[in-house]
Amino acid sequence: MSTSKQVVLVTGVSSGIGRATAIKFVAQGCRVFGSVRNIAKAQPIPGVELVEMDIRDEASIQQAVDVIIARAQRIDVLVNSAGVTLLGATEATSIAEAQTLFDTNLFGILRTLKAVLPHMREQRAGRIVNISSVLGFLPAPYMALYAASKHAVEGLSETLDNEVRQFGIRVALVEPSFTKTNLDANAPQTTASIADYSKELGIVTQAIQNAVQKAPGPDGVADTVVNAALGKWKMRHTPKGEASLLAKLRRFLPAGPVEKGLRKTFGLA
């Protein structure tokens with residue numbers, strides 16, 4: 001896709017990967033709209049037109065998309081970046097907590113897609129980039145519902161791409177590993193706890209915090225997102241470094257060594 005005058009919508013630009021991505025698109029000469037939940041409290045981003053949008057609310061999404069279409073007449077690229085995480089034993093996770101996580105990570109993407117796709121179909125062109133995770137193709141102990149939501153995003157994205165390519169629209173995934181952002185650094189834990197899991201959960205929590213502190217910032221992921229949106233299409237994009245390595249290991253190594261390596265990474269015997 002040409003970078004010239006592309007109209008881009010990035011969800012969740014208040015901080016982290018979404019904010020860094022919006023800035024990168026501006027640098028590419030795109031017209032960039034960024035969604036925030038509360039525009040009155042949002043920090044401005046030079047070159048980015050902020051729109052108020054809650055991806056858990058269909059009416060809010062539709063209103064924001066209508067504003068963008070009124071201002072720019074089209075949406076060429078949609079980046080679904082907004083998301084939440086959750087740490088805790090699967091058994092200790094309440095149904096309400098699981099529903100809240102999926103409501104943002106999966107259904108938030110679905111709601112946004114449903115609002116944007118009619119415009120992309122009409123213009124017979126578009127690129128959708130969904131932010132997944134290496135946990136979209138790998139397991140991680142004590143992050144079952146987050147991993148499940150990202151596995152679901154991957155399934156949705158691959159299927160949707162097959163449906164919409166007839167209209168000149170393609171769908172891509174970006175699968176980062178740990179990134180030094182507030183989302184990873186301040187991962188909420190399940191409200192309930194079960195004593196039998198406490199020791200391992202403590203070990204995994206510390207391993208995650210250590211990994212986040214050593215992880216690169218969001219700029220590398222943002223570069224990957226821009227390439228996935230504006231470059232030659234392919235389905236999966238893993239940022240350079242750990243994410244790219246994990247993708248290769250998952251593809252080429254037997255399951256046993258991969259699982260052993262993952263457990264070691266999280267400090268488990």
# chains A, B, ... in the order shown; residues from 1 in each chain; ligands from 1
$ residues_around --residues "range 87-89 of chain A" --least-positions-apart "6" --cutoff "6 Å" --atoms "only C-alpha atoms" --output "PyMOL selection string"
chain A and resi 142-143+189-190
$ residues_around --residues "range 73-82 of chain A" --least-positions-apart "3" --cutoff "6 Å" --atoms "only C-alpha atoms" --output "short mmCIF file (atom, residue, chain, number, x, y, z; two decimals) with all heavy atoms, in the first residue's frame"
data_model
loop_
_atom_site.label_atom_id
_atom_site.label_comp_id
_atom_site.auth_asym_id
_atom_site.auth_seq_id
_atom_site.Cartn_x
_atom_site.Cartn_y
_atom_site.Cartn_z
N GLN A 6 -2.65 8.01 3.32
CA GLN A 6 -3.45 6.93 3.88
C GLN A 6 -4.14 7.43 5.15
O GLN A 6 -3.54 8.09 5.99
CB GLN A 6 -2.55 5.74 4.22
CG GLN A 6 -1.94 5.05 3.01
CD GLN A 6 -2.96 4.27 2.21
OE1 GLN A 6 -3.70 3.47 2.75
NE2 GLN A 6 -2.99 4.51 0.91
N VAL A 7 -5.41 7.09 5.30
CA VAL A 7 -6.17 7.44 6.50
C VAL A 7 -6.15 6.23 7.43
O VAL A 7 -6.58 5.14 7.05
CB VAL A 7 -7.61 7.83 6.15
CG1 VAL A 7 -8.39 8.14 7.43
CG2 VAL A 7 -7.62 9.04 5.22
N VAL A 8 -5.62 6.44 8.63
CA VAL A 8 -5.37 5.34 9.55
C VAL A 8 -6.13 5.58 10.86
O VAL A 8 -6.11 6.68 11.41
CB VAL A 8 -3.86 5.23 9.87
CG1 VAL A 8 -3.59 4.08 10.84
CG2 VAL A 8 -3.05 5.06 8.59
N LEU A 9 -6.78 4.54 11.35
CA LEU A 9 -7.37 4.56 12.69
C LEU A 9 -6.64 3.56 13.56
O LEU A 9 -6.57 2.38 13.24
CB LEU A 9 -8.86 4.19 12.62
CG LEU A 9 -9.55 3.89 13.97
CD1 LEU A 9 -9.46 5.08 14.93
CD2 LEU A 9 -11.00 3.47 13.76
N VAL A 10 -6.08 4.06 14.67
CA VAL A 10 -5.40 3.22 15.66
C VAL A 10 -6.20 3.28 16.95
O VAL A 10 -6.44 4.37 17.47
CB VAL A 10 -3.96 3.69 15.92
CG1 VAL A 10 -3.26 2.75 16.91
CG2 VAL A 10 -3.16 3.78 14.62
N THR A 11 -6.61 2.14 17.46
CA THR A 11 -7.34 2.13 18.73
C THR A 11 -6.37 2.08 19.90
O THR A 11 -5.28 1.51 19.80
CB THR A 11 -8.32 0.95 18.82
OG1 THR A 11 -7.59 -0.28 18.92
CG2 THR A 11 -9.24 0.90 17.62
N GLY A 12 -6.77 2.69 20.99
CA GLY A 12 -5.98 2.61 22.23
C GLY A 12 -4.66 3.35 22.16
O GLY A 12 -3.61 2.76 22.41
N GLY A 18 -0.06 1.35 21.15
CA GLY A 18 -0.97 2.16 20.36
C GLY A 18 -0.45 3.56 20.13
O GLY A 18 -0.48 4.08 19.00
N ILE A 69 -15.15 9.33 9.11
CA ILE A 69 -15.62 9.34 7.72
C ILE A 69 -16.06 10.75 7.32
O ILE A 69 -15.79 11.21 6.20
CB ILE A 69 -16.78 8.34 7.53
CG1 ILE A 69 -16.26 6.90 7.74
CG2 ILE A 69 -17.40 8.50 6.15
CD1 ILE A 69 -15.20 6.45 6.76
N ALA A 70 -16.70 11.47 8.23
CA ALA A 70 -17.12 12.84 7.93
C ALA A 70 -15.92 13.75 7.67
O ALA A 70 -15.96 14.62 6.80
CB ALA A 70 -17.96 13.39 9.08
N GLY A 126 -8.41 -1.82 1.68
CA GLY A 126 -8.19 -1.60 3.11
C GLY A 126 -7.23 -2.62 3.68
O GLY A 126 -6.97 -3.67 3.09
N ARG A 127 -6.69 -2.29 4.82
CA ARG A 127 -5.78 -3.19 5.55
C ARG A 127 -6.16 -3.13 7.03
O ARG A 127 -6.27 -2.05 7.60
CB ARG A 127 -4.34 -2.78 5.35
CG ARG A 127 -3.29 -3.70 5.99
CD ARG A 127 -3.08 -5.00 5.23
NE ARG A 127 -2.67 -4.83 3.85
CZ ARG A 127 -1.40 -4.73 3.44
NH1 ARG A 127 -0.41 -4.76 4.32
NH2 ARG A 127 -1.13 -4.60 2.15
N ILE A 128 -6.36 -4.28 7.63
CA ILE A 128 -6.67 -4.38 9.05
C ILE A 128 -5.52 -5.10 9.73
O ILE A 128 -5.10 -6.18 9.30
CB ILE A 128 -7.98 -5.16 9.27
CG1 ILE A 128 -9.16 -4.39 8.65
CG2 ILE A 128 -8.23 -5.40 10.76
CD1 ILE A 128 -10.43 -5.21 8.54
N VAL A 129 -4.99 -4.50 10.78
CA VAL A 129 -3.90 -5.10 11.54
C VAL A 129 -4.37 -5.31 12.97
O VAL A 129 -4.72 -4.35 13.68
CB VAL A 129 -2.64 -4.21 11.54
CG1 VAL A 129 -1.51 -4.89 12.31
CG2 VAL A 129 -2.20 -3.91 10.11
N ASN A 130 -4.40 -6.55 13.39
CA ASN A 130 -4.82 -6.89 14.75
C ASN A 130 -3.58 -7.22 15.60
O ASN A 130 -2.75 -8.03 15.19
CB ASN A 130 -5.77 -8.08 14.74
CG ASN A 130 -7.09 -7.74 14.08
OD1 ASN A 130 -7.56 -6.60 14.15
ND2 ASN A 130 -7.72 -8.71 13.44
N ILE A 131 -3.48 -6.56 16.75
CA ILE A 131 -2.35 -6.83 17.64
C ILE A 131 -2.66 -8.09 18.45
O ILE A 131 -3.57 -8.09 19.29
CB ILE A 131 -2.07 -5.64 18.59
CG1 ILE A 131 -1.92 -4.35 17.79
CG2 ILE A 131 -0.81 -5.93 19.41
CD1 ILE A 131 -0.80 -4.35 16.78
#
$ residues_around --residues "Lys180 in chain A" --least-positions-apart "5" --cutoff "7 Å" --atoms "only C-alpha atoms" --output "list in words"
Ala185, Val212, Gln213, Ala215, Pro216, Gly217 and Pro218 of chain A
$ select_by_dssp --residues "range 81-201 of chain A" --states "helix (DSSP H, G or I)" --output "VMD selection string"
chain A and resid 90 to 92 95 to 105 107 to 123 134 to 136 144 to 167 182 to 185 195 to 201
$ select_by_dssp --residues "range 19-212 of chain A" --states "strand (DSSP E or B)" --output "VMD selection string"
chain A and resid 31 to 36 48 to 52 77 to 80 87 126 to 131 169 to 174 189
$ closest_residue --among "A:Leu110, A:Val225, A:Ala247, A:Val134" --to "Asp57 in chain A" --atoms "only C-alpha atoms"
A:Leu110
$ closest_atom_pairs --of "range 65-169 of chain A" --to "range 256-261 of chain A" --cutoff "12 Å" --atoms "only C-alpha atoms" --output "JSON lines"
{"residue": "A:Phe137", "atom": "CA", "partner": "A:Val258", "partner_atom": "CA", "distance": 11.8}
{"residue": "A:Leu138", "atom": "CA", "partner": "A:Glu259", "partner_atom": "CA", "distance": 8.9}
{"residue": "A:Pro139", "atom": "CA", "partner": "A:Glu259", "partner_atom": "CA", "distance": 8.4}
{"residue": "A:Ala140", "atom": "CA", "partner": "A:Glu259", "partner_atom": "CA", "distance": 9.5}
{"residue": "A:Pro141", "atom": "CA", "partner": "A:Glu259", "partner_atom": "CA", "distance": 10.7}
$ residues_around --residues "Gln28 in chain A" --least-positions-apart "3" --cutoff "10 Å" --atoms "only C-alpha atoms" --output "CSV table (one decimal) with N, CA, C and O atoms, in the first residue's frame"
chain,number,residue,atom,x,y,z
A,3,THR,N,2.0,4.9,1.1
A,3,THR,CA,1.9,5.6,2.4
A,3,THR,C,1.3,7.0,2.2
A,3,THR,O,1.0,7.6,3.1
A,4,SER,N,1.1,7.4,0.9
A,4,SER,CA,0.7,8.7,0.6
A,4,SER,C,-0.8,8.9,1.0
A,4,SER,O,-1.7,8.3,0.5
A,5,LYS,N,-1.0,9.8,2.0
A,5,LYS,CA,-2.4,10.2,2.3
A,5,LYS,C,-3.3,9.1,2.8
A,5,LYS,O,-4.5,9.1,2.7
A,6,GLN,N,-2.7,8.0,3.3
A,6,GLN,CA,-3.4,6.9,3.9
A,6,GLN,C,-4.1,7.4,5.1
A,6,GLN,O,-3.5,8.1,6.0
A,23,ILE,N,2.2,7.5,16.3
A,23,ILE,CA,3.3,8.5,16.1
A,23,ILE,C,4.1,8.0,14.8
A,23,ILE,O,4.5,8.8,14.0
A,24,LYS,N,4.3,6.7,14.7
A,24,LYS,CA,5.1,6.2,13.5
A,24,LYS,C,4.3,6.4,12.2
A,24,LYS,O,4.9,6.7,11.2
A,25,PHE,N,3.0,6.3,12.3
A,25,PHE,CA,2.2,6.5,11.1
A,25,PHE,C,2.2,8.0,10.7
A,25,PHE,O,2.2,8.3,9.5
A,31,ARG,N,-2.6,10.3,7.5
A,31,ARG,CA,-3.5,11.1,8.3
A,31,ARG,C,-4.0,10.1,9.4
A,31,ARG,O,-4.6,9.1,9.0
A,226,VAL,N,3.4,-0.8,11.5
A,226,VAL,CA,3.4,0.1,10.3
A,226,VAL,C,3.8,-0.7,9.0
A,226,VAL,O,3.1,-0.5,8.0
A,230,LEU,N,1.3,-1.0,5.8
A,230,LEU,CA,1.6,-0.3,4.6
A,230,LEU,C,2.5,-1.1,3.6
A,230,LEU,O,2.6,-0.7,2.5
$ closest_residue --among "A:Ser157, A:Asn210, A:Ser149, A:Ser193" --to "Thr104 in chain A" --atoms "only C-alpha atoms"
A:Ser149
$ closest_residue --among "A:Cys30, A:Ile39, A:Val13, A:Leu106" --to "Ala147 in chain A" --atoms "only C-alpha atoms"
A:Leu106
$ residues_around --residues "Glu175 in chain A" --least-positions-apart "5" --cutoff "12 Å" --atoms "only C-alpha atoms" --output "number ranges by chain"
A: 17, 81, 129-138, 147, 150-151, 153-154, 220-222, 224-225, 228, 235-247
$ closest_atom_pairs --of "range 3-62 of chain A" --to "range 114-121 of chain A" --cutoff "9 Å" --atoms "only C-alpha atoms" --output "CSV"
residue,atom,partner,partner_atom,distance
A:Glu58,CA,A:Ala115,CA,8.3
A:Ile61,CA,A:Ala115,CA,7.0
A:Gln62,CA,A:Ala115,CA,5.8
$ decode --residues "range 186-198 of chain A" --atoms "N, CA, C and O atoms" --output "compact mmCIF listing (two decimals), in the first residue's frame"
# COMPACT_ATOMS: atom_id res chain seq x y z
N ASN A 186 2.02 -3.60 34.74
CA ASN A 186 1.00 -3.51 35.79
C ASN A 186 -0.14 -4.49 35.53
O ASN A 186 -1.31 -4.16 35.71
N ALA A 187 0.21 -5.71 35.13
CA ALA A 187 -0.82 -6.70 34.81
C ALA A 187 -1.68 -6.99 36.04
O ALA A 187 -1.15 -7.35 37.10
N PRO A 188 -2.99 -6.83 35.93
CA PRO A 188 -3.86 -7.13 37.08
C PRO A 188 -3.93 -8.63 37.34
O PRO A 188 -3.74 -9.44 36.42
N GLN A 189 -4.19 -8.99 38.58
CA GLN A 189 -4.33 -10.40 38.95
C GLN A 189 -5.79 -10.71 39.24
O GLN A 189 -6.60 -9.83 39.54
N THR A 190 -6.13 -12.00 39.14
CA THR A 190 -7.49 -12.42 39.45
C THR A 190 -7.83 -12.04 40.89
O THR A 190 -6.96 -12.04 41.77
N THR A 191 -9.10 -11.72 41.11
CA THR A 191 -9.53 -11.31 42.46
C THR A 191 -9.40 -12.47 43.44
O THR A 191 -8.92 -12.31 44.56
N ALA A 192 -9.81 -13.64 43.01
CA ALA A 192 -9.72 -14.83 43.87
C ALA A 192 -8.33 -15.45 43.77
O ALA A 192 -7.63 -15.27 42.77
N SER A 193 -7.94 -16.15 44.80
CA SER A 193 -6.68 -16.90 44.77
C SER A 193 -6.91 -18.26 45.42
O SER A 193 -7.80 -18.43 46.25
N ILE A 194 -6.11 -19.22 45.00
CA ILE A 194 -6.17 -20.57 45.55
C ILE A 194 -4.78 -20.90 46.07
O ILE A 194 -3.79 -20.84 45.32
N ALA A 195 -4.69 -21.24 47.35
CA ALA A 195 -3.40 -21.37 48.02
C ALA A 195 -2.47 -22.36 47.33
O ALA A 195 -1.26 -22.16 47.27
N ASP A 196 -3.02 -23.43 46.79
CA ASP A 196 -2.19 -24.46 46.16
C ASP A 196 -1.37 -23.91 44.99
O ASP A 196 -0.33 -24.46 44.63
N TYR A 197 -1.85 -22.85 44.36
CA TYR A 197 -1.14 -22.27 43.21
C TYR A 197 -0.21 -21.11 43.60
O TYR A 197 0.54 -20.62 42.75
N SER A 198 -0.27 -20.69 44.86
CA SER A 198 0.38 -19.44 45.25
C SER A 198 1.89 -19.43 44.99
O SER A 198 2.45 -18.43 44.52
